[in-house]
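Coordinates from upload-v3.csv are shown below (CSV, C-alpha atoms).
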chain,number,residue,atom,x,y,z
A,9,MET,CA,0.0,0.0,0.0
A,10,LYS,CA,1.3,3.4,-0.9
A,11,ILE,CA,0.2,6.7,0.6
A,12,ALA,CA,1.1,9.9,-1.2
A,13,ILE,CA,1.4,13.4,0.2
A,14,PRO,CA,1.5,16.1,-2.6
A,15,ALA,CA,2.5,19.7,-2.2
A,16,GLU,CA,-0.5,22.1,-2.1
A,17,SER,CA,-0.8,24.2,-5.2
A,18,HIS,CA,-3.5,26.7,-4.0
A,19,PRO,CA,-2.0,30.2,-3.7
A,20,GLY,CA,-0.9,31.0,-0.1
A,21,GLU,CA,-1.6,27.5,1.2
A,22,ALA,CA,1.2,26.7,3.6
A,23,ARG,CA,-0.2,23.5,5.2
A,24,VAL,CA,0.5,19.9,4.2
A,25,ALA,CA,-1.7,16.9,4.8
A,26,ALA,CA,0.9,14.9,6.8
A,27,SER,CA,3.5,15.4,9.5
A,28,PRO,CA,6.6,13.4,10.3
A,29,ASP,CA,4.8,11.8,13.2
A,30,VAL,CA,1.9,10.5,11.2
A,31,VAL,CA,4.3,9.3,8.4
A,32,LYS,CA,5.9,7.1,11.0
A,33,ALA,CA,2.5,5.8,12.0
A,34,TYR,CA,1.6,5.0,8.4
A,35,ILE,CA,4.9,3.1,7.9
A,36,LYS,CA,4.3,1.2,11.1
A,37,LYS,CA,1.1,0.0,9.5
A,38,GLY,CA,3.1,-1.4,6.6
A,39,ALA,CA,2.5,1.5,4.2
A,40,LYS,CA,5.0,3.1,1.9
A,41,VAL,CA,4.8,6.9,2.1
A,42,ALA,CA,5.9,9.3,-0.7
A,43,VAL,CA,6.0,13.0,0.0
A,44,GLN,CA,6.4,15.6,-2.8
A,45,SER,CA,9.7,17.6,-2.4
A,46,GLY,CA,9.1,20.9,-0.6
A,47,ALA,CA,5.6,19.9,0.5
A,48,GLY,CA,6.2,20.7,4.1
A,49,LEU,CA,8.3,23.9,3.8
A,50,GLY,CA,5.4,26.2,4.6
A,51,SER,CA,4.9,24.3,7.8
A,52,ASN,CA,8.6,24.4,8.7
A,53,ILE,CA,8.9,20.7,7.9
A,54,SER,CA,11.9,20.0,5.6
A,55,ASP,CA,12.3,17.1,3.2
A,56,ASP,CA,15.0,15.7,5.6
A,57,ASP,CA,12.4,15.7,8.4
A,58,PHE,CA,10.1,13.6,6.2
A,59,LYS,CA,13.0,11.4,5.2
A,60,ALA,CA,14.0,10.8,8.8
A,61,ALA,CA,10.4,9.6,9.4
A,62,GLY,CA,10.8,7.0,6.7
A,63,ALA,CA,9.2,8.8,3.7
A,64,GLU,CA,10.4,8.8,0.1
A,65,ILE,CA,10.8,12.3,-1.3
A,66,VAL,CA,9.6,12.6,-4.9
A,67,LYS,CA,9.6,15.5,-7.3
A,68,GLY,CA,6.4,16.8,-9.0
A,69,GLU,CA,3.2,15.0,-9.7
A,70,ALA,CA,5.1,11.7,-9.8
A,71,VAL,CA,4.5,11.5,-6.1
A,72,VAL,CA,1.0,10.2,-6.6
A,73,LYS,CA,2.0,7.6,-9.2
A,74,ASP,CA,0.5,4.2,-8.2
A,75,ALA,CA,-0.6,5.6,-4.9
A,76,ASP,CA,-3.5,3.8,-3.2
A,77,ILE,CA,-4.3,6.8,-1.0
A,78,VAL,CA,-3.6,10.5,-1.6
A,79,LEU,CA,-3.9,13.0,1.2
A,80,THR,CA,-4.6,16.7,0.6
A,81,ILE,CA,-5.4,19.9,2.3
A,82,ARG,CA,-7.5,21.1,-0.7
A,83,ARG,CA,-9.2,19.3,-3.6
A,84,PRO,CA,-6.4,18.4,-6.1
A,85,GLY,CA,-6.3,20.1,-9.5
A,86,GLU,CA,-6.6,18.5,-12.9
A,87,LYS,CA,-2.9,17.9,-13.4
A,88,LEU,CA,-2.5,16.0,-10.2
A,89,LEU,CA,-5.7,14.0,-10.8
A,90,LYS,CA,-4.4,12.9,-14.2
A,91,ALA,CA,-1.3,11.5,-12.5
A,92,MET,CA,-3.3,9.3,-10.1
A,93,LYS,CA,-4.3,5.8,-10.8
A,94,GLU,CA,-8.0,5.0,-11.2
A,95,GLY,CA,-9.7,4.0,-8.0
A,96,ALA,CA,-7.2,5.9,-5.8
A,97,ILE,CA,-8.6,7.1,-2.5
A,98,VAL,CA,-8.3,10.9,-2.0
A,99,ALA,CA,-9.0,12.2,1.5
A,100,GLY,CA,-8.8,15.7,2.8
A,101,GLY,CA,-10.4,19.1,2.5
A,102,LEU,CA,-12.2,18.6,-0.8
A,103,GLU,CA,-14.5,21.7,-0.6
A,104,PRO,CA,-17.7,19.7,-1.1
A,105,TYR,CA,-19.9,22.8,-1.4
A,106,GLY,CA,-17.7,24.4,-4.0
A,107,ASP,CA,-17.9,24.8,-7.8
A,108,ARG,CA,-20.2,22.0,-9.0
A,109,LYS,CA,-18.4,21.5,-12.4
A,110,ALA,CA,-15.0,21.2,-10.7
A,111,LEU,CA,-16.5,18.6,-8.3
A,112,GLU,CA,-18.0,16.6,-11.2
A,113,ASP,CA,-14.6,16.7,-12.9
A,114,PHE,CA,-13.0,15.5,-9.7
A,115,ALA,CA,-15.4,12.5,-9.6
A,116,LYS,CA,-15.0,11.7,-13.3
A,117,ALA,CA,-11.3,11.3,-12.7
A,118,GLY,CA,-12.3,7.9,-11.2
A,119,VAL,CA,-11.0,8.5,-7.7
A,120,THR,CA,-12.8,7.7,-4.5
A,121,GLY,CA,-13.1,11.0,-2.6
A,122,PHE,CA,-13.6,11.6,1.1
A,123,ALA,CA,-14.4,15.2,2.0
A,124,MET,CA,-13.4,15.5,5.7
A,125,GLU,CA,-15.4,18.7,6.0
A,126,LEU,CA,-18.6,16.5,6.0
A,127,MET,CA,-17.5,14.5,9.1
A,128,PRO,CA,-20.6,13.8,11.2
A,129,ARG,CA,-20.9,15.7,14.4
A,130,ILE,CA,-20.8,12.7,16.7
A,131,THR,CA,-18.6,11.9,19.7
A,132,ARG,CA,-16.4,9.3,18.1
A,133,ALA,CA,-15.7,11.5,15.1
A,134,GLN,CA,-14.3,14.4,17.1
A,135,ALA,CA,-10.7,13.2,16.6
A,136,MET,CA,-11.3,13.2,12.8
A,137,ASP,CA,-13.0,16.6,12.6
A,138,ILE,CA,-10.8,19.0,10.5
A,139,LEU,CA,-13.3,21.8,10.8
A,140,SER,CA,-13.0,21.9,14.5
A,141,SER,CA,-9.2,21.6,14.7
A,142,GLN,CA,-8.7,24.3,12.1
A,143,ALA,CA,-11.5,26.6,13.3
A,144,ASN,CA,-9.9,26.6,16.8
A,145,LEU,CA,-6.7,28.1,15.4
A,146,ALA,CA,-8.7,30.5,13.2
A,147,GLY,CA,-10.5,31.9,16.2
A,148,TYR,CA,-7.3,32.5,18.0
A,149,LYS,CA,-5.7,34.1,14.9
A,150,ALA,CA,-8.7,36.3,14.4
A,151,VAL,CA,-8.1,38.0,17.7
A,152,ILE,CA,-4.4,38.4,17.1
A,153,GLU,CA,-5.1,40.0,13.7
A,154,ALA,CA,-7.6,42.3,15.3
A,155,GLY,CA,-5.1,43.3,18.0
A,156,ALA,CA,-2.5,44.0,15.4
A,157,ALA,CA,-4.8,46.3,13.5
A,158,PHE,CA,-6.3,48.0,16.5
A,159,GLY,CA,-4.6,51.2,17.4
A,160,ARG,CA,-4.9,50.7,21.2
A,161,ALA,CA,-4.2,48.1,23.9
A,162,PHE,CA,-6.6,45.3,24.9
A,163,PRO,CA,-6.2,45.2,28.7
A,164,MET,CA,-6.9,47.9,31.2
A,165,MET,CA,-3.7,49.6,32.3
A,166,MET,CA,-3.3,51.8,35.4
A,167,THR,CA,-0.4,54.3,35.0
A,168,ALA,CA,0.7,57.5,36.8
A,169,ALA,CA,-0.4,59.4,33.7
A,170,GLY,CA,-3.9,57.9,33.8
A,171,THR,CA,-5.9,54.8,33.1
A,172,VAL,CA,-6.0,53.0,29.8
A,173,PRO,CA,-9.5,51.4,29.5
A,174,ALA,CA,-9.9,47.8,28.4
A,175,ALA,CA,-11.0,47.2,24.8
A,176,LYS,CA,-14.5,45.8,24.3
A,177,VAL,CA,-14.6,42.7,22.0
A,178,PHE,CA,-17.8,41.2,20.7
A,179,ILE,CA,-17.9,37.7,19.2
A,180,MET,CA,-20.7,36.8,16.9
A,181,GLY,CA,-21.2,33.0,16.6
A,182,VAL,CA,-20.2,30.7,19.4
A,183,GLY,CA,-18.9,27.6,17.6
A,184,VAL,CA,-15.3,26.3,17.9
A,185,ALA,CA,-13.8,29.4,16.4
A,186,GLY,CA,-16.0,31.7,18.4
A,187,LEU,CA,-15.2,30.0,21.7
A,188,GLN,CA,-11.4,30.2,21.0
A,189,ALA,CA,-11.8,33.9,20.1
A,190,ILE,CA,-13.6,34.6,23.4
A,191,ALA,CA,-10.8,32.7,25.3
A,192,THR,CA,-8.0,34.5,23.5
A,193,ALA,CA,-9.6,38.0,23.9
A,194,ARG,CA,-10.1,37.3,27.6
A,195,ARG,CA,-6.5,36.3,28.0
A,196,LEU,CA,-5.5,39.6,26.4
A,197,GLY,CA,-7.5,41.5,29.0
A,198,ALA,CA,-10.4,42.6,26.9
A,199,ILE,CA,-14.0,43.0,28.1
A,200,VAL,CA,-15.7,40.3,26.0
A,201,SER,CA,-19.3,39.7,25.0
A,202,ALA,CA,-20.7,37.1,22.6
A,203,THR,CA,-23.9,36.2,20.9
A,204,ASP,CA,-25.3,33.1,19.2
A,205,VAL,CA,-28.8,32.1,18.0
A,206,ARG,CA,-28.4,28.9,20.0
A,207,LYS,CA,-29.4,29.4,23.7
A,208,ALA,CA,-27.4,26.3,24.7
A,209,THR,CA,-24.2,28.2,24.1
A,210,GLU,CA,-24.8,30.6,27.0
A,211,GLU,CA,-23.2,28.4,29.6
A,212,GLN,CA,-20.0,28.0,27.4
A,213,VAL,CA,-19.8,31.8,26.9
A,214,LYS,CA,-20.2,32.5,30.6
A,215,SER,CA,-17.7,29.8,31.6
A,216,LEU,CA,-15.1,31.7,29.7
A,217,GLY,CA,-15.9,34.9,31.6
A,218,ALA,CA,-17.8,36.7,28.8
A,219,LYS,CA,-21.2,38.3,28.8
A,220,PHE,CA,-23.9,36.5,26.7
A,221,VAL,CA,-26.0,38.7,24.5
A,222,TYR,CA,-29.1,36.8,23.3
A,223,VAL,CA,-32.5,37.2,21.6
A,224,ASP,CA,-35.0,34.7,22.7
A,225,LEU,CA,-35.7,32.5,19.6
A,226,ALA,CA,-37.2,29.1,18.9
A,227,GLU,CA,-34.6,26.3,18.9
A,228,ALA,CA,-32.0,27.4,16.4
A,229,ALA,CA,-29.6,24.4,16.4
A,230,THR,CA,-29.8,21.8,13.7
A,231,ALA,CA,-29.5,18.1,14.5
A,232,ALA,CA,-25.8,18.3,13.5
A,233,GLY,CA,-25.2,21.0,16.1
A,234,TYR,CA,-24.9,23.9,13.6
A,235,ALA,CA,-27.0,27.1,13.7
A,236,ARG,CA,-30.0,26.9,11.4
A,237,GLU,CA,-31.0,29.7,9.0
A,238,LEU,CA,-33.3,32.1,10.8
A,239,THR,CA,-36.7,33.3,9.6
A,240,ALA,CA,-37.2,36.9,8.4
A,241,GLU,CA,-38.8,37.8,11.8
A,242,GLU,CA,-36.0,36.2,13.8
A,243,LYS,CA,-33.3,37.9,11.7
A,244,ALA,CA,-35.0,41.3,12.4
A,245,LYS,CA,-35.0,40.7,16.1
A,246,GLN,CA,-31.4,39.6,16.0
A,247,ALA,CA,-30.3,42.6,14.0
A,248,GLU,CA,-32.1,45.0,16.4
A,249,LEU,CA,-30.2,43.5,19.3
A,250,VAL,CA,-26.8,43.6,17.5
A,251,ALA,CA,-27.3,47.1,16.2
A,252,SER,CA,-27.8,48.5,19.8
A,253,HIS,CA,-24.8,46.5,21.2
A,254,ILE,CA,-22.3,47.0,18.4
A,255,LYS,CA,-22.2,50.8,18.7
A,256,SER,CA,-20.1,50.6,21.9
A,257,GLN,CA,-17.7,47.8,20.7
A,258,ASP,CA,-14.1,48.2,19.7
A,259,VAL,CA,-13.6,44.9,18.0
A,260,VAL,CA,-16.2,42.6,16.5
A,261,ILE,CA,-15.3,39.1,15.2
A,262,THR,CA,-18.0,37.2,13.2
A,263,THR,CA,-17.8,33.5,12.7
A,264,ALA,CA,-21.3,32.5,11.4
A,265,LEU,CA,-21.4,29.9,8.6
A,266,ILE,CA,-24.2,27.6,7.6
A,267,PRO,CA,-22.9,24.5,5.6
A,268,GLY,CA,-23.8,24.7,1.9
A,269,ARG,CA,-25.3,28.2,2.1
A,270,PRO,CA,-24.0,31.7,1.7
A,271,ALA,CA,-22.9,33.3,5.0
A,272,PRO,CA,-25.7,35.1,6.8
A,273,THR,CA,-25.4,38.9,7.1
A,274,LEU,CA,-24.8,39.8,10.7
A,275,ILE,CA,-23.4,43.4,10.4
A,276,THR,CA,-25.0,45.8,7.9
A,277,LYS,CA,-23.4,48.8,6.4
A,278,GLU,CA,-25.5,51.0,8.8
A,279,MET,CA,-24.1,49.0,11.8
A,280,VAL,CA,-20.6,49.6,10.6
A,281,GLU,CA,-21.2,53.3,10.3
A,282,SER,CA,-22.5,53.3,13.9
A,283,MET,CA,-19.2,52.1,15.2
A,284,LYS,CA,-16.5,54.4,16.5
A,285,PRO,CA,-13.6,55.3,14.2
A,286,GLY,CA,-10.7,53.0,14.9
A,287,SER,CA,-12.9,50.0,15.5
A,288,ILE,CA,-12.1,46.6,13.9
A,289,ILE,CA,-14.2,43.9,12.3
A,290,VAL,CA,-12.8,40.5,11.5
A,291,ASP,CA,-15.0,38.5,9.2
A,292,LEU,CA,-14.2,34.8,9.4
A,293,ALA,CA,-17.0,34.0,7.0
A,294,VAL,CA,-15.6,36.0,4.1
A,295,GLU,CA,-14.9,32.9,2.0
A,296,ARG,CA,-18.7,32.3,1.8
A,297,GLY,CA,-19.7,35.9,1.0
A,298,GLY,CA,-19.1,37.3,4.5
A,299,ASN,CA,-21.1,38.2,7.6
A,300,CYS,CA,-20.6,41.8,6.6
A,301,PRO,CA,-21.4,43.0,3.0
A,302,LEU,CA,-18.4,45.4,3.1
A,303,SER,CA,-15.8,42.7,3.7
A,304,LYS,CA,-13.6,41.5,0.8
A,305,PRO,CA,-11.6,38.3,0.6
A,306,ASP,CA,-7.9,38.8,1.6
A,307,GLN,CA,-8.4,42.6,2.0
A,308,ILE,CA,-8.6,45.1,4.8
A,309,VAL,CA,-11.4,47.5,3.8
A,310,GLU,CA,-11.7,50.8,5.7
A,311,HIS,CA,-15.2,52.3,5.8
A,312,LYS,CA,-15.6,55.6,7.6
A,313,GLY,CA,-12.8,54.8,10.0
A,314,VAL,CA,-13.7,51.2,10.7
A,315,LYS,CA,-11.3,48.5,9.4
A,316,ILE,CA,-13.0,45.3,8.1
A,317,ILE,CA,-10.5,42.4,7.9
A,318,GLY,CA,-11.4,39.7,5.4
A,319,THR,CA,-8.3,37.5,5.7
A,320,LEU,CA,-8.8,34.0,4.1
A,321,ASN,CA,-7.5,30.8,5.6
A,322,LEU,CA,-6.5,32.1,9.0
A,323,ALA,CA,-5.7,28.6,10.2
A,324,GLY,CA,-3.2,28.3,7.4
A,325,ARG,CA,-1.3,31.3,8.7
A,326,LEU,CA,-0.5,29.1,11.7
A,327,ALA,CA,0.7,26.2,9.6
A,328,GLY,CA,3.2,25.1,12.1
A,329,ASN,CA,0.2,24.1,14.4
A,330,ALA,CA,-2.5,23.6,11.8
A,331,THR,CA,-0.5,20.9,9.8
A,332,PRO,CA,0.0,18.4,12.7
A,333,LEU,CA,-3.6,18.8,13.8
A,334,PHE,CA,-5.0,18.3,10.3
A,335,ALA,CA,-2.6,15.4,9.7
A,336,LYS,CA,-3.7,13.6,12.9
A,337,ASN,CA,-7.4,14.1,11.9
A,338,ILE,CA,-6.8,12.3,8.6
A,339,ALA,CA,-4.7,9.6,10.2
A,340,ASN,CA,-7.5,8.9,12.7
A,341,PHE,CA,-9.9,8.6,9.7
A,342,LEU,CA,-7.6,6.3,7.8
A,343,ASP,CA,-7.7,3.9,10.9
A,344,LEU,CA,-11.2,3.1,9.7
A,345,ILE,CA,-10.0,2.2,6.2
A,346,ILE,CA,-6.6,0.6,6.7
A,347,GLN,CA,-7.0,-2.9,8.2
A,348,LYS,CA,-4.6,-4.6,10.5
A,349,ASP,CA,-3.2,-6.7,7.7
A,350,GLY,CA,-2.5,-3.6,5.6
A,351,SER,CA,-5.4,-4.1,3.2
A,352,LEU,CA,-8.0,-1.3,2.5
A,353,LYS,CA,-11.7,-1.7,3.3
A,354,ILE,CA,-14.4,1.0,2.7
A,355,ASP,CA,-17.2,0.1,5.0
A,356,GLU,CA,-20.1,2.3,3.9
A,357,ALA,CA,-22.1,1.1,6.9
A,358,ASP,CA,-19.8,3.2,9.1
A,359,GLU,CA,-21.4,6.7,9.3
A,360,CYS,CA,-18.0,8.4,9.4
A,361,ILE,CA,-17.2,6.8,6.0
A,362,SER,CA,-20.6,7.2,4.3
A,363,GLY,CA,-20.9,10.7,5.7
A,364,THR,CA,-17.7,11.9,4.1
A,365,LEU,CA,-17.8,9.9,0.8
A,366,ILE,CA,-18.5,12.3,-2.0
A,367,ALA,CA,-17.1,10.6,-5.1
A,368,LYS,CA,-17.1,7.0,-6.3
A,369,GLY,CA,-17.2,5.2,-9.6
A,370,GLY,CA,-16.9,8.4,-11.6
A,371,LYS,CA,-19.9,10.1,-9.9
A,372,LEU,CA,-20.7,12.4,-7.0
A,373,VAL,CA,-22.5,10.2,-4.5
A,374,HIS,CA,-23.2,12.2,-1.4
A,375,LYS,CA,-26.8,13.2,-0.5
A,376,ILE,CA,-25.9,16.9,-0.7
A,377,TYR,CA,-25.8,16.5,-4.5
A,378,GLU,CA,-29.1,14.6,-4.9
A,379,ALA,CA,-31.4,17.6,-5.6
A,380,LYS,CA,-28.9,19.6,-7.7

Final structure tokens representation of the file:
Amino acid sequence: MKIAIPAESHPGEARVAASPDVVKAYIKKGAKVAVQSGAGLGSNISDDDFKAAGAEIVKGEAVVKDADIVLTIRRPGEKLLKAMKEGAIVAGGLEPYGDRKALEDFAKAGVTGFAMELMPRITRAQAMDILSSQANLAGYKAVIEAGAAFGRAFPMMMTAAGTVPAAKVFIMGVGVAGLQAIATARRLGAIVSATDVRKATEEQVKSLGAKFVYVDLAEAATAAGYARELTAEEKAKQAELVASHIKSQDVVITTALIPGRPAPTLITKEMVESMKPGSIIVDLAVERGGNCPLSKPDQIVEHKGVKIIGTLNLAGRLAGNATPLFAKNIANFLDLIIQKDGSLKIDEADECISGTLIAKGGKLVHKIYEAK
């Protein structure tokens, strides 16, 4: 059995889908591991590091030749797909809600694709959940980015010349990224508040020392644990609450995403204009259209004195941490497929396997594509 780790070709992507530690684990299972030369450099992993772990270093697309399993951070492009053998397993971040034609072309390449973003939200799948491991880092990095752009300090400081007031930070969306953003802002000494449409998050927010800002709504969590899309009336109530609270905030971090849908608008242009000059907004949903209509991918937009940061792939900017976590998530998933004797078995009765399987036999096979 051969496992291949290609270098990522997406602009600015510094992560790689394996670390030296998981390479050692794969080899211990009896696999041969091939890593594309230079694949780990963005994560501060040299070719020599991979060699020392037992991997073979291969130049270019030849890395995937005859590979049974190919591991990627992002969906591989046409050139890499053509170099793979038919029936190869491709596992990683395959962007299952992305461009439909590109997804169909991916399936037509004859590979068996597992999109780790679709991992079920169940207890035993937590160790395979790339969204959670990467969102945790993104939430931290969002606060750091905000602090770098903010023209003042976060903590209250008492000096002989006077008192520096603590910054007020508002987190919108209390998922994994939001919770880490709350914790990080609190560690930096800010006064933190947070909101979410799911009432059940209140206890988590308060346990981190933040104030919970909430509009009483009907149950707003889906069976998978995500926030559902609100009705027009609920959106109006939520917007009214946010509009009154946001005026006094120095930093706002938005994290709201609904799988398979455009990001919901949480901060309107009018709300931005109500904020004080020098305030900061970090929009973590910018890749899906943004929680603020003024945000732009990979840009800092300044509108009437308010900076709106739309940095993409924040987790990837912490590649030295993100890569080992992502690699371990995939390694845990492969434990379901690689048998003790080194053979491969795809058991579609396992919900972690069926839940992430998007391509098989030249077609897109996941239920998310059924009505499209």

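The smallest atom-to-atom distance between Ile361 of chain A and any of A:Asn340, A:Gln142, A:Ser287, A:Thr262, using all atoms listed in the file, is found for A:Asn340.
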
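Note that the spacing between atom CA of Val24 of chain A and atom CA of Lys353 of chain A amounts to 24.8 Å.
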
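Pairwise distance (atom CA of Leu292 of chain A, atom CA of Leu372 of chain A) equals 28.5 Å.
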
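Computed from the coordinates, the atom CA of Tyr222 of chain A to atom CA of Ala156 of chain A distance equals 28.7 Å.
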
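Selection around (-22.3, 50.1, 3.6) with radius 10 Å, counting only C-alpha atoms, yields the residues A:Ile275, A:Thr276, A:Lys277, A:Glu278, A:Met279, A:Val280, A:Glu281, A:Cys300, A:Pro301, A:Leu302, A:Ser303, A:His311, A:Lys312.
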
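Closest approach to Pro19 of chain A among A:Glu241, A:Glu359, A:Asp349, A:Asp306: A:Asp306, based on only C-alpha atoms.
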
For segment 176-196 of chain A against segment 200-208 of chain A, with a cut-off of 8 Å and counting only C-alpha atoms, what is the closest atom pair and its distance in Å to one decimal for every residue that makes the cut, ordered by chain and number, as JSON lines?
{"residue": "A:Lys176", "atom": "CA", "partner": "A:Val200", "partner_atom": "CA", "distance": 5.9}
{"residue": "A:Val177", "atom": "CA", "partner": "A:Val200", "partner_atom": "CA", "distance": 4.8}
{"residue": "A:Phe178", "atom": "CA", "partner": "A:Ser201", "partner_atom": "CA", "distance": 4.8}
{"residue": "A:Ile179", "atom": "CA", "partner": "A:Ala202", "partner_atom": "CA", "distance": 4.4}
{"residue": "A:Met180", "atom": "CA", "partner": "A:Thr203", "partner_atom": "CA", "distance": 5.2}
{"residue": "A:Gly181", "atom": "CA", "partner": "A:Asp204", "partner_atom": "CA", "distance": 4.9}
{"residue": "A:Val182", "atom": "CA", "partner": "A:Asp204", "partner_atom": "CA", "distance": 5.6}
{"residue": "A:Ile190", "atom": "CA", "partner": "A:Val200", "partner_atom": "CA", "distance": 6.6}
{"residue": "A:Ala193", "atom": "CA", "partner": "A:Val200", "partner_atom": "CA", "distance": 6.8}
{"residue": "A:Arg194", "atom": "CA", "partner": "A:Val200", "partner_atom": "CA", "distance": 6.6}

Fill in: Near-segment 167-173 of chain A list (10 Å; all atoms listed in the file; drop same-chain fewer than 6 positions) as number ranges by chain
A: 160-161, 198-199

Worksheet item: Skipping near chain neighbours, those fewer than 3 positions away, what residues fall within 10 Å of Gly38 of chain A using only C-alpha atoms, listed as an MDAnalysis selection string?
Response: chainID A and resid 9:10 32:35 41 346 348:351

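Considering only C-alpha atoms, the residue among A:Gly155, A:Pro14, A:Gly121, A:Pro28 positioned nearest to Lys87 of chain A is A:Pro14.
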
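The smallest atom-to-atom distance between Ala150 of chain A and any of A:Arg108, A:Lys219, A:Arg325, A:Lys40, using all atoms listed in the file, is found for A:Arg325.
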
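Nearest to Ile53 of chain A of all the residues A:Ala327, A:Met166, A:Ala115, A:Met127 is A:Ala327, based on only C-alpha atoms.
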
Worksheet item: Which residue gives the smallest distance to Pro84 of chain A among A:Ala218, A:Ile13, A:Val43, A:Leu139, with all atoms listed in the file counted?
Response: A:Ile13

Item to complete: Give as a PyMOL selection string each residue that has an atom at most 6 Å from (-15.2, 48.5, 9.5) in the file, counting only C-alpha atoms.
Response: chain A and resi 280+288-289+310-311+314-316

Worksheet item: Quick one: residues within 12 Å of Gln134 of chain A, all atoms listed in the file counted, chain neighbours fewer than 4 positions away excluded, as a PyMOL selection string?
Response: chain A and resi 124-125+127-130+138-141+184+336-338+340-341+360

Output C-alpha atoms for every residue in the selection just made, as an mmCIF file, in the frame of the given file.
data_model
loop_
_atom_site.group_PDB
_atom_site.id
_atom_site.type_symbol
_atom_site.label_atom_id
_atom_site.label_comp_id
_atom_site.auth_asym_id
_atom_site.auth_seq_id
_atom_site.Cartn_x
_atom_site.Cartn_y
_atom_site.Cartn_z
ATOM 1 C CA MET A 124 -13.400 15.500 5.700
ATOM 2 C CA GLU A 125 -15.400 18.700 6.000
ATOM 3 C CA MET A 127 -17.500 14.500 9.100
ATOM 4 C CA PRO A 128 -20.600 13.800 11.200
ATOM 5 C CA ARG A 129 -20.900 15.700 14.400
ATOM 6 C CA ILE A 130 -20.800 12.700 16.700
ATOM 7 C CA ILE A 138 -10.800 19.000 10.500
ATOM 8 C CA LEU A 139 -13.300 21.800 10.800
ATOM 9 C CA SER A 140 -13.000 21.900 14.500
ATOM 10 C CA SER A 141 -9.200 21.600 14.700
ATOM 11 C CA VAL A 184 -15.300 26.300 17.900
ATOM 12 C CA LYS A 336 -3.700 13.600 12.900
ATOM 13 C CA ASN A 337 -7.400 14.100 11.900
ATOM 14 C CA ILE A 338 -6.800 12.300 8.600
ATOM 15 C CA ASN A 340 -7.500 8.900 12.700
ATOM 16 C CA PHE A 341 -9.900 8.600 9.700
ATOM 17 C CA CYS A 360 -18.000 8.400 9.400
#

Worksheet entry | Spatial neighbours of Leu249 of chain A, max dist 10 Å, all atoms listed in the file, sep filter under 3 positions, as a ChimeraX atom specification | /A:203,221-223,243-246,252-254

Fill in: Non-local contacts of Ser51 of chain A (9 Å; all atoms listed in the file; under 4 positions in same chain excluded) as a list of chain:residue names
A:Ala22, A:Arg23, A:Val24, A:Ala47, A:Leu326, A:Ala327, A:Gly328, A:Asn329, A:Ala330, A:Thr331
